[in-house]
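upload-v8.cif, holding mmCIF, C-alpha atoms and all ligand atoms:
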```
data_my_file
loop_
_atom_site.group_PDB
_atom_site.id
_atom_site.type_symbol
_atom_site.label_atom_id
_atom_site.label_comp_id
_atom_site.auth_asym_id
_atom_site.auth_seq_id
_atom_site.Cartn_x
_atom_site.Cartn_y
_atom_site.Cartn_z
ATOM 1 C CA MET K 1 -12.133 18.445 5.231
ATOM 2 C CA ILE K 2 -10.006 15.491 6.339
ATOM 3 C CA THR K 3 -6.222 15.770 5.968
ATOM 4 C CA LEU K 4 -4.520 12.545 4.896
ATOM 5 C CA TYR K 5 -0.825 12.460 5.775
ATOM 6 C CA ASP K 6 1.453 10.628 3.363
ATOM 7 C CA PHE K 7 5.130 11.006 2.451
ATOM 8 C CA ALA K 8 6.567 12.710 -0.603
ATOM 9 C CA ILE K 9 7.667 10.730 -3.642
ATOM 10 C CA ASN K 10 8.163 11.704 -7.252
ATOM 11 C CA ALA K 11 6.336 8.654 -8.630
ATOM 12 C CA PRO K 12 3.198 8.503 -10.780
ATOM 13 C CA ASN K 13 0.306 9.671 -8.586
ATOM 14 C CA LYS K 14 2.869 10.946 -6.015
ATOM 15 C CA SER K 15 2.080 8.246 -3.497
ATOM 16 C CA ILE K 16 3.593 4.845 -2.809
ATOM 17 C CA SER K 17 2.915 3.643 0.744
ATOM 18 C CA PRO K 18 0.609 0.617 0.488
ATOM 19 C CA PHE K 19 -0.812 1.485 3.923
ATOM 20 C CA THR K 20 -1.655 5.034 2.838
ATOM 21 C CA TRP K 21 -3.203 3.614 -0.315
ATOM 22 C CA ARG K 22 -5.580 1.503 1.796
ATOM 23 C CA VAL K 23 -6.858 4.629 3.541
ATOM 24 C CA ARG K 24 -7.029 6.701 0.372
ATOM 25 C CA LEU K 25 -8.974 3.985 -1.421
ATOM 26 C CA ALA K 26 -11.353 3.785 1.571
ATOM 27 C CA LEU K 27 -11.875 7.573 1.589
ATOM 28 C CA ASN K 28 -12.596 7.587 -2.145
ATOM 29 C CA ILE K 29 -14.935 4.575 -1.959
ATOM 30 C CA LYS K 30 -16.793 6.348 0.832
ATOM 31 C CA GLY K 31 -16.795 9.647 -1.072
ATOM 32 C CA ILE K 32 -15.314 11.512 1.914
ATOM 33 C CA LYS K 33 -13.625 14.777 0.966
ATOM 34 C CA HIS K 34 -9.983 14.892 1.920
ATOM 35 C CA GLN K 35 -6.695 16.501 1.033
ATOM 36 C CA THR K 36 -3.297 14.792 1.022
ATOM 37 C CA GLN K 37 -0.449 16.460 2.861
ATOM 38 C CA SER K 38 3.062 15.135 2.439
ATOM 39 C CA LEU K 39 5.362 14.746 5.392
ATOM 40 C CA ASP K 40 9.129 14.505 5.168
ATOM 41 C CA PHE K 41 9.850 10.761 5.468
ATOM 42 C CA THR K 42 12.969 11.453 7.552
ATOM 43 C CA LYS K 43 11.001 13.440 10.135
ATOM 44 C CA ILE K 44 7.752 11.496 10.469
ATOM 45 C CA GLU K 45 8.060 11.142 14.250
ATOM 46 C CA GLU K 46 8.944 14.807 14.786
ATOM 47 C CA GLN K 47 6.148 16.034 12.515
ATOM 48 C CA CYS K 48 3.526 13.690 13.994
ATOM 49 C CA LYS K 49 4.401 14.924 17.484
ATOM 50 C CA GLU K 50 4.055 18.539 16.315
ATOM 51 C CA LEU K 51 0.694 17.737 14.718
ATOM 52 C CA GLY K 52 -0.543 15.840 17.787
ATOM 53 C CA ILE K 53 -0.783 12.532 15.903
ATOM 54 C CA PRO K 54 -0.257 9.486 18.131
ATOM 55 C CA PRO K 55 2.046 6.597 17.187
ATOM 56 C CA SER K 56 0.555 3.809 15.097
ATOM 57 C CA GLU K 57 2.214 1.046 17.110
ATOM 58 C CA ILE K 58 4.193 0.389 20.232
ATOM 59 C CA LYS K 59 7.193 -1.710 19.237
ATOM 60 C CA PRO K 60 8.166 -4.844 21.180
ATOM 61 C CA ASP K 61 10.945 -2.810 22.864
ATOM 62 C CA GLY K 62 8.273 -0.421 24.183
ATOM 63 C CA LYS K 63 9.210 2.419 21.808
ATOM 64 C CA PRO K 64 6.459 4.215 19.852
ATOM 65 C CA PHE K 65 6.421 3.910 16.047
ATOM 66 C CA TYR K 66 5.177 6.951 14.140
ATOM 67 C CA SER K 67 4.089 6.339 10.565
ATOM 68 C CA VAL K 68 1.905 7.347 7.650
ATOM 69 C CA PRO K 69 -0.925 7.086 6.900
ATOM 70 C CA ALA K 70 -2.382 9.378 9.532
ATOM 71 C CA ILE K 71 -5.430 11.604 9.381
ATOM 72 C CA TYR K 72 -6.812 14.730 10.997
ATOM 73 C CA ASP K 73 -10.583 14.994 10.925
ATOM 74 C CA PRO K 74 -11.626 18.521 11.989
ATOM 75 C CA SER K 75 -15.304 17.517 12.196
ATOM 76 C CA THR K 76 -14.560 15.440 15.298
ATOM 77 C CA ASN K 77 -11.164 16.950 16.135
ATOM 78 C CA THR K 78 -9.621 13.466 15.752
ATOM 79 C CA ARG K 79 -6.025 12.674 14.912
ATOM 80 C CA ILE K 80 -5.100 9.034 14.332
ATOM 81 C CA SER K 81 -2.600 6.862 12.538
ATOM 82 C CA ASP K 82 -2.489 3.189 11.489
ATOM 83 C CA SER K 83 -4.433 2.244 8.362
ATOM 84 C CA LEU K 84 -6.716 -0.266 10.063
ATOM 85 C CA LYS K 85 -7.545 2.059 12.977
ATOM 86 C CA ILE K 86 -8.241 4.896 10.522
ATOM 87 C CA ILE K 87 -10.598 2.800 8.394
ATOM 88 C CA GLU K 88 -12.388 1.512 11.515
ATOM 89 C CA TYR K 89 -12.770 5.146 12.588
ATOM 90 C CA LEU K 90 -14.134 6.161 9.163
ATOM 91 C CA ASP K 91 -16.679 3.296 9.183
ATOM 92 C CA LYS K 92 -17.871 4.321 12.654
ATOM 93 C CA THR K 93 -17.853 8.084 12.147
ATOM 94 C CA TYR K 94 -19.456 8.007 8.686
ATOM 95 C CA PRO K 95 -22.032 5.191 9.034
ATOM 96 C CA ASP K 96 -23.960 6.285 5.934
ATOM 97 C CA THR K 97 -20.981 5.619 3.675
ATOM 98 C CA PRO K 98 -20.021 2.148 2.345
ATOM 99 C CA GLN K 99 -18.750 0.068 5.275
ATOM 100 C CA ILE K 100 -15.325 -1.370 4.554
ATOM 101 C CA ILE K 101 -14.749 -3.664 7.513
ATOM 102 C CA ILE K 102 -17.219 -6.484 7.936
ATOM 103 C CA PRO K 103 -17.683 -7.252 11.657
ATOM 104 C CA GLY K 104 -16.033 -10.508 12.639
ATOM 105 C CA THR K 105 -13.457 -10.495 9.831
ATOM 106 C CA SER K 106 -10.508 -8.900 11.615
ATOM 107 C CA ILE K 107 -8.506 -12.124 12.085
ATOM 108 C CA LEU K 108 -9.186 -13.191 8.510
ATOM 109 C CA ASN K 109 -8.142 -9.750 7.291
ATOM 110 C CA ALA K 110 -4.928 -9.847 9.309
ATOM 111 C CA SER K 111 -3.968 -13.220 7.874
ATOM 112 C CA PHE K 112 -5.012 -12.260 4.325
ATOM 113 C CA SER K 113 -2.942 -9.089 4.645
ATOM 114 C CA TRP K 114 0.077 -11.183 5.691
ATOM 115 C CA ALA K 115 -0.449 -13.635 2.831
ATOM 116 C CA ILE K 116 -0.930 -10.983 0.126
ATOM 117 C CA GLY K 117 2.069 -9.101 1.530
ATOM 118 C CA LYS K 118 4.175 -12.260 1.208
ATOM 119 C CA SER K 119 3.283 -12.414 -2.482
ATOM 120 C CA VAL K 120 3.322 -8.758 -3.508
ATOM 121 C CA PHE K 121 6.359 -7.733 -1.449
ATOM 122 C CA THR K 122 8.588 -10.310 -3.144
ATOM 123 C CA LEU K 123 9.011 -7.385 -5.565
ATOM 124 C CA PHE K 124 10.469 -5.245 -2.736
ATOM 125 C CA PRO K 125 14.023 -4.931 -4.186
ATOM 126 C CA LEU K 126 12.663 -3.715 -7.536
ATOM 127 C CA VAL K 127 10.218 -1.245 -5.983
ATOM 128 C CA ALA K 128 12.756 -0.109 -3.377
ATOM 129 C CA SER K 129 15.331 0.679 -6.063
ATOM 130 C CA TYR K 130 12.661 2.771 -7.835
ATOM 131 C CA ILE K 131 11.752 4.550 -4.580
ATOM 132 C CA ILE K 132 15.428 5.315 -3.864
ATOM 133 C CA SER K 133 15.746 7.164 -7.157
ATOM 134 C CA HIS K 134 12.427 9.003 -6.758
ATOM 135 C CA THR K 135 12.597 10.396 -3.218
ATOM 136 C CA PRO K 136 14.431 13.465 -1.844
ATOM 137 C CA PRO K 137 18.099 12.757 -0.912
ATOM 138 C CA GLU K 138 17.661 12.301 2.868
ATOM 139 C CA ALA K 139 14.715 9.913 2.511
ATOM 140 C CA SER K 140 16.473 8.169 -0.341
ATOM 141 C CA SER K 141 19.476 7.388 1.868
ATOM 142 C CA ILE K 142 17.198 5.786 4.503
ATOM 143 C CA PHE K 143 15.559 3.624 1.828
ATOM 144 C CA ARG K 144 18.989 2.734 0.447
ATOM 145 C CA LYS K 145 20.150 1.552 3.898
ATOM 146 C CA ARG K 146 17.005 -0.567 4.267
ATOM 147 C CA PHE K 147 17.391 -1.945 0.743
ATOM 148 C CA GLU K 148 21.038 -2.867 1.216
ATOM 149 C CA GLY K 149 20.352 -4.342 4.662
ATOM 150 C CA ARG K 150 17.681 -6.584 3.230
ATOM 151 C CA VAL K 151 18.952 -7.442 -0.246
ATOM 152 C CA LYS K 152 22.578 -7.765 0.986
ATOM 153 C CA VAL K 153 24.087 -6.111 -2.081
ATOM 154 C CA THR K 154 24.574 -2.428 -2.849
ATOM 155 C CA LEU K 155 22.008 -0.676 -5.029
ATOM 156 C CA GLU K 156 24.602 -0.335 -7.789
ATOM 157 C CA GLU K 157 25.453 -4.043 -7.620
ATOM 158 C CA PHE K 158 21.754 -4.842 -7.859
ATOM 159 C CA GLU K 159 21.168 -2.556 -10.826
ATOM 160 C CA ASN K 160 24.272 -3.654 -12.712
ATOM 161 C CA ASP K 161 23.631 -7.328 -12.176
ATOM 162 C CA LYS K 162 21.143 -8.531 -14.791
ATOM 163 C CA ALA K 163 20.645 -11.884 -13.082
ATOM 164 C CA LEU K 164 19.478 -10.573 -9.702
ATOM 165 C CA PRO K 165 16.543 -8.428 -10.916
ATOM 166 C CA ALA K 166 15.575 -11.303 -13.242
ATOM 167 C CA LYS K 167 15.560 -13.643 -10.232
ATOM 168 C CA ILE K 168 13.313 -11.235 -8.277
ATOM 169 C CA TRP K 169 10.896 -11.002 -11.221
ATOM 170 C CA ALA K 170 10.770 -14.800 -11.434
ATOM 171 C CA GLU K 171 10.136 -15.121 -7.668
ATOM 172 C CA GLY K 172 7.514 -12.391 -7.920
ATOM 173 C CA GLU K 173 5.671 -14.156 -10.701
ATOM 174 C CA GLU K 174 5.657 -17.409 -8.741
ATOM 175 C CA ALA K 175 4.384 -15.662 -5.596
ATOM 176 C CA PHE K 176 1.634 -13.809 -7.479
ATOM 177 C CA THR K 177 0.577 -17.097 -9.090
ATOM 178 C CA THR K 178 0.309 -18.682 -5.636
ATOM 179 C CA ALA K 179 -2.044 -15.865 -4.621
ATOM 180 C CA SER K 180 -3.957 -16.065 -7.880
ATOM 181 C CA ALA K 181 -4.952 -19.660 -7.072
ATOM 182 C CA TRP K 182 -6.905 -18.411 -3.994
ATOM 183 C CA PHE K 183 -9.182 -16.500 -6.361
ATOM 184 C CA LYS K 184 -10.225 -19.609 -8.320
ATOM 185 C CA THR K 185 -12.279 -22.745 -7.797
ATOM 186 C CA SER K 186 -10.520 -26.092 -8.218
ATOM 187 C CA ASP K 187 -11.702 -26.228 -11.830
ATOM 188 C CA GLY K 188 -10.374 -22.764 -12.580
ATOM 189 C CA GLN K 189 -13.525 -20.626 -12.291
ATOM 190 C CA ASP K 190 -13.083 -17.113 -10.965
ATOM 191 C CA ARG K 191 -14.419 -16.705 -7.409
ATOM 192 C CA LEU K 192 -14.623 -12.894 -7.548
ATOM 193 C CA GLN K 193 -18.240 -11.829 -7.477
ATOM 194 C CA PRO K 194 -17.178 -9.091 -8.409
ATOM 195 C CA TRP K 195 -15.233 -8.385 -5.190
ATOM 196 C CA ILE K 196 -13.591 -10.790 -2.759
ATOM 197 C CA MET K 197 -16.488 -10.826 -0.253
ATOM 198 C CA GLY K 198 -19.262 -10.477 -2.833
ATOM 199 C CA GLN K 199 -21.080 -7.446 -4.216
ATOM 200 C CA ASP K 200 -19.401 -4.789 -2.083
ATOM 201 C CA ILE K 201 -15.812 -3.666 -1.742
ATOM 202 C CA THR K 202 -14.407 -4.608 1.657
ATOM 203 C CA PHE K 203 -11.103 -4.428 3.465
ATOM 204 C CA ALA K 204 -9.829 -7.571 1.722
ATOM 205 C CA ASP K 205 -10.124 -5.777 -1.633
ATOM 206 C CA LEU K 206 -8.188 -2.819 -0.240
ATOM 207 C CA ILE K 207 -5.392 -5.161 0.853
ATOM 208 C CA VAL K 208 -5.047 -6.363 -2.755
ATOM 209 C CA GLY K 209 -5.759 -2.963 -4.346
ATOM 210 C CA ALA K 210 -3.241 -1.107 -2.191
ATOM 211 C CA GLY K 211 -0.616 -3.809 -2.800
ATOM 212 C CA LEU K 212 -1.185 -3.412 -6.534
ATOM 213 C CA ALA K 213 -0.995 0.408 -6.249
ATOM 214 C CA TRP K 214 2.429 -0.058 -4.619
ATOM 215 C CA ALA K 215 3.487 -2.390 -7.442
ATOM 216 C CA VAL K 216 2.102 -0.160 -10.245
ATOM 217 C CA TYR K 217 3.481 3.147 -8.992
ATOM 218 C CA GLY K 218 6.661 1.623 -7.587
ATOM 219 C CA THR K 219 7.668 0.275 -10.992
ATOM 220 C CA GLY K 220 7.047 3.475 -12.937
ATOM 221 C CA GLY K 221 3.285 3.453 -13.464
ATOM 222 C CA GLU K 222 0.953 1.713 -15.849
ATOM 223 C CA ASP K 223 3.069 2.534 -18.886
ATOM 224 C CA GLY K 224 6.214 1.186 -17.237
ATOM 225 C CA GLU K 225 7.807 -2.109 -18.203
ATOM 226 C CA GLY K 226 7.267 -3.491 -14.689
ATOM 227 C CA TRP K 227 3.501 -3.159 -14.656
ATOM 228 C CA LYS K 228 3.256 -4.405 -18.247
ATOM 229 C CA ARG K 229 4.983 -7.553 -17.053
ATOM 230 C CA ILE K 230 2.750 -8.001 -13.972
ATOM 231 C CA ALA K 231 -0.340 -7.244 -16.054
ATOM 232 C CA GLY K 232 0.477 -10.286 -18.188
ATOM 233 C CA TRP K 233 0.694 -12.690 -15.223
ATOM 234 C CA ASP K 234 -2.080 -15.101 -14.224
ATOM 235 C CA ASP K 235 -4.257 -14.546 -17.306
ATOM 236 C CA GLY K 236 -4.474 -10.840 -16.538
ATOM 237 C CA ARG K 237 -5.924 -11.339 -13.008
ATOM 238 C CA TRP K 238 -3.958 -8.477 -11.437
ATOM 239 C CA LYS K 239 -4.600 -6.092 -14.303
ATOM 240 C CA ALA K 240 -8.332 -6.858 -14.172
ATOM 241 C CA PHE K 241 -8.382 -6.312 -10.400
ATOM 242 C CA TRP K 242 -6.418 -3.081 -10.701
ATOM 243 C CA ASP K 243 -8.675 -1.808 -13.479
ATOM 244 C CA LYS K 244 -11.665 -2.289 -11.159
ATOM 245 C CA MET K 245 -9.916 -0.560 -8.241
ATOM 246 C CA LYS K 246 -8.325 2.238 -10.272
ATOM 247 C CA PRO K 247 -11.335 4.600 -10.250
ATOM 248 C CA TYR K 248 -10.715 4.923 -6.483
ATOM 249 C CA ALA K 249 -6.964 5.492 -6.850
ATOM 250 C CA ILE K 250 -7.304 9.257 -7.082
ATOM 251 C CA VAL K 251 -4.990 11.465 -5.091
ATOM 252 C CA TYR K 252 -6.639 14.620 -3.750
HETATM 253 N N1 LIG K 301 0.643 -0.371 10.912
HETATM 254 C C1 LIG K 301 0.845 0.814 10.111
HETATM 255 C C2 LIG K 301 2.118 0.685 9.318
HETATM 256 C C3 LIG K 301 2.375 1.925 8.471
HETATM 257 C C4 LIG K 301 3.806 2.004 7.978
HETATM 258 O O1 LIG K 301 4.662 1.136 8.244
HETATM 259 N N2 LIG K 301 4.087 3.091 7.229
HETATM 260 C C5 LIG K 301 5.421 3.340 6.720
HETATM 261 C C6 LIG K 301 5.334 3.847 5.296
HETATM 262 S S1 LIG K 301 4.802 2.573 4.198
HETATM 263 C C7 LIG K 301 6.051 4.444 7.546
HETATM 264 O O2 LIG K 301 5.452 5.477 7.763
HETATM 265 N N3 LIG K 301 7.276 4.230 8.023
HETATM 266 C C8 LIG K 301 7.975 5.195 8.792
HETATM 267 C C9 LIG K 301 9.341 4.722 9.134
HETATM 268 O O3 LIG K 301 9.708 3.620 8.730
HETATM 269 O O4 LIG K 301 10.029 5.486 9.809
HETATM 270 C C10 LIG K 301 -0.380 1.029 9.207
HETATM 271 O O5 LIG K 301 -1.072 0.045 8.877
HETATM 272 O O6 LIG K 301 -0.692 2.177 8.883
#
```

How would this structure read if it were set down as structure tokens?
Ligand SMILES: N[C@@H](CCC(=O)N[C@@H](CS)C(=O)NCC(=O)O)C(=O)O
Amino acid sequence: MITLYDFAINAPNKSISPFTWRVRLALNIKGIKHQTQSLDFTKIEEQCKELGIPPSEIKPDGKPFYSVPAIYDPSTNTRISDSLKIIEYLDKTYPDTPQIIIPGTSILNASFSWAIGKSVFTLFPLVASYIISHTPPEASSIFRKRFEGRVKVTLEEFENDKALPAKIWAEGEEAFTTASAWFKTSDGQDRLQPWIMGQDITFADLIVGAGLAWAVYGTGGEDGEGWKRIAGWDDGRWKAFWDKMKPYAIVY
């Protein structure tokens, strides 16, 4: 059985990384048996090295970057990281399962991933503040440093300031609405048929689905106030998309 490496979080469904969600959704769509194993976020590099998992990227300064998701597939004795590389591997190694990546779409996928990220990750300060309070202390302090470096206020200042979260929600709504327009014809008809590329789920759907998983679980789950708000945006587009993707959002 495949091991899917993630990092530990005490959020609904116990998983938050949008990159890990892409791989988990792919595994579930393909019906490939797997088991999630949580790594300590503060020791990802150390643990990957111990497990023989290669880095997912080489940074511009030449240093390796170790990250989740990663997988170990005992049937081929393969260890890899990087969500795209993993899904390419799964398509190739399990050709009788639904194929996620359509040949010739890699540049389109990269740009769509950037564009969806620009929209969904406007909510970063809200999700990051949730992650900080739902991860073990050492990981939490790393996320806090990243949050404060990016948002330029302390977590406490952010949480005690009503105006700042309200501003992020407003920017988020605007950014989601920008993305929503890509899903419609000029006279407002929905282009989904039922998925982005047609009848079958492809990588583009995982980009959106995993971004929504991050937004749902990173704001307290479907019953949380955050998701209720997002669910009401854009005539329910994101809720409808999530509802279609949700059957694959199972953590094993
Ligand atoms: N290109 C990688 C990026 C994965 C990534 O950035 N993962 C984050 C979690 S969401 C991580 O493991 N970060 C480790 C760190 O920042 O030290 C992929 O697509 O899998």

Site check for ligand LIG 301 (chain K): residues at most 7 Å away, only C-alpha atoms and all ligand atoms, as number ranges by chain: K: 17-20, 41, 44, 56-57, 66-69, 81-84

Point-to-point distance from CA of Gly117 in chain K to CA of Arg79 in chain K, Å rounded to tenths: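 Taking CA of Gly117 in chain K as the start and CA of Arg79 in chain K as the end point, the length is 26.8 Å.
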
Between CA of Ile32 in chain K and CA of Ile87 in chain K - distance in Å to one decimal: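 Between CA of Ile87 in chain K and CA of Ile32 in chain K the gap is 11.8 Å.
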
Enumerate, as a CSV table (one decimal) with C-alpha atoms, keeping the file's coordinate frame, the residues matched when the PyMOL selection byres (((chain K and resi 118) around 12) and not hetatm) is run on the file above.
```
chain,number,residue,atom,x,y,z
K,111,SER,CA,-4.0,-13.2,7.9
K,112,PHE,CA,-5.0,-12.3,4.3
K,113,SER,CA,-2.9,-9.1,4.6
K,114,TRP,CA,0.1,-11.2,5.7
K,115,ALA,CA,-0.4,-13.6,2.8
K,116,ILE,CA,-0.9,-11.0,0.1
K,117,GLY,CA,2.1,-9.1,1.5
K,119,SER,CA,3.3,-12.4,-2.5
K,120,VAL,CA,3.3,-8.8,-3.5
K,121,PHE,CA,6.4,-7.7,-1.4
K,122,THR,CA,8.6,-10.3,-3.1
K,123,LEU,CA,9.0,-7.4,-5.6
K,124,PHE,CA,10.5,-5.2,-2.7
K,171,GLU,CA,10.1,-15.1,-7.7
K,172,GLY,CA,7.5,-12.4,-7.9
K,174,GLU,CA,5.7,-17.4,-8.7
K,175,ALA,CA,4.4,-15.7,-5.6
K,176,PHE,CA,1.6,-13.8,-7.5
K,177,THR,CA,0.6,-17.1,-9.1
K,178,THR,CA,0.3,-18.7,-5.6
K,179,ALA,CA,-2.0,-15.9,-4.6
K,207,ILE,CA,-5.4,-5.2,0.9
K,208,VAL,CA,-5.0,-6.4,-2.8
K,211,GLY,CA,-0.6,-3.8,-2.8
```

Explicit residues for the PyMOL selection byres (((chain K and resi 218) around 9) and not hetatm) (as an NGL selection string): :K and (11-12 or 16 or 126-131 or 213-217 or 219-221 or 226)

For CA of Thr36 in chain K and CA of Ile53 in chain K, the interatomic separation in Å (one decimal):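 Atom-to-atom, CA of Thr36 in chain K to CA of Ile53 in chain K, that is 15.3 Å.
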
For Glu157 in chain K: contacts at 12 Å, all atoms listed in the file, fewer than 5 positions along chain excluded, given as an MDAnalysis selection string: chainID K and resid 125 129 147:148 151:152 162:165
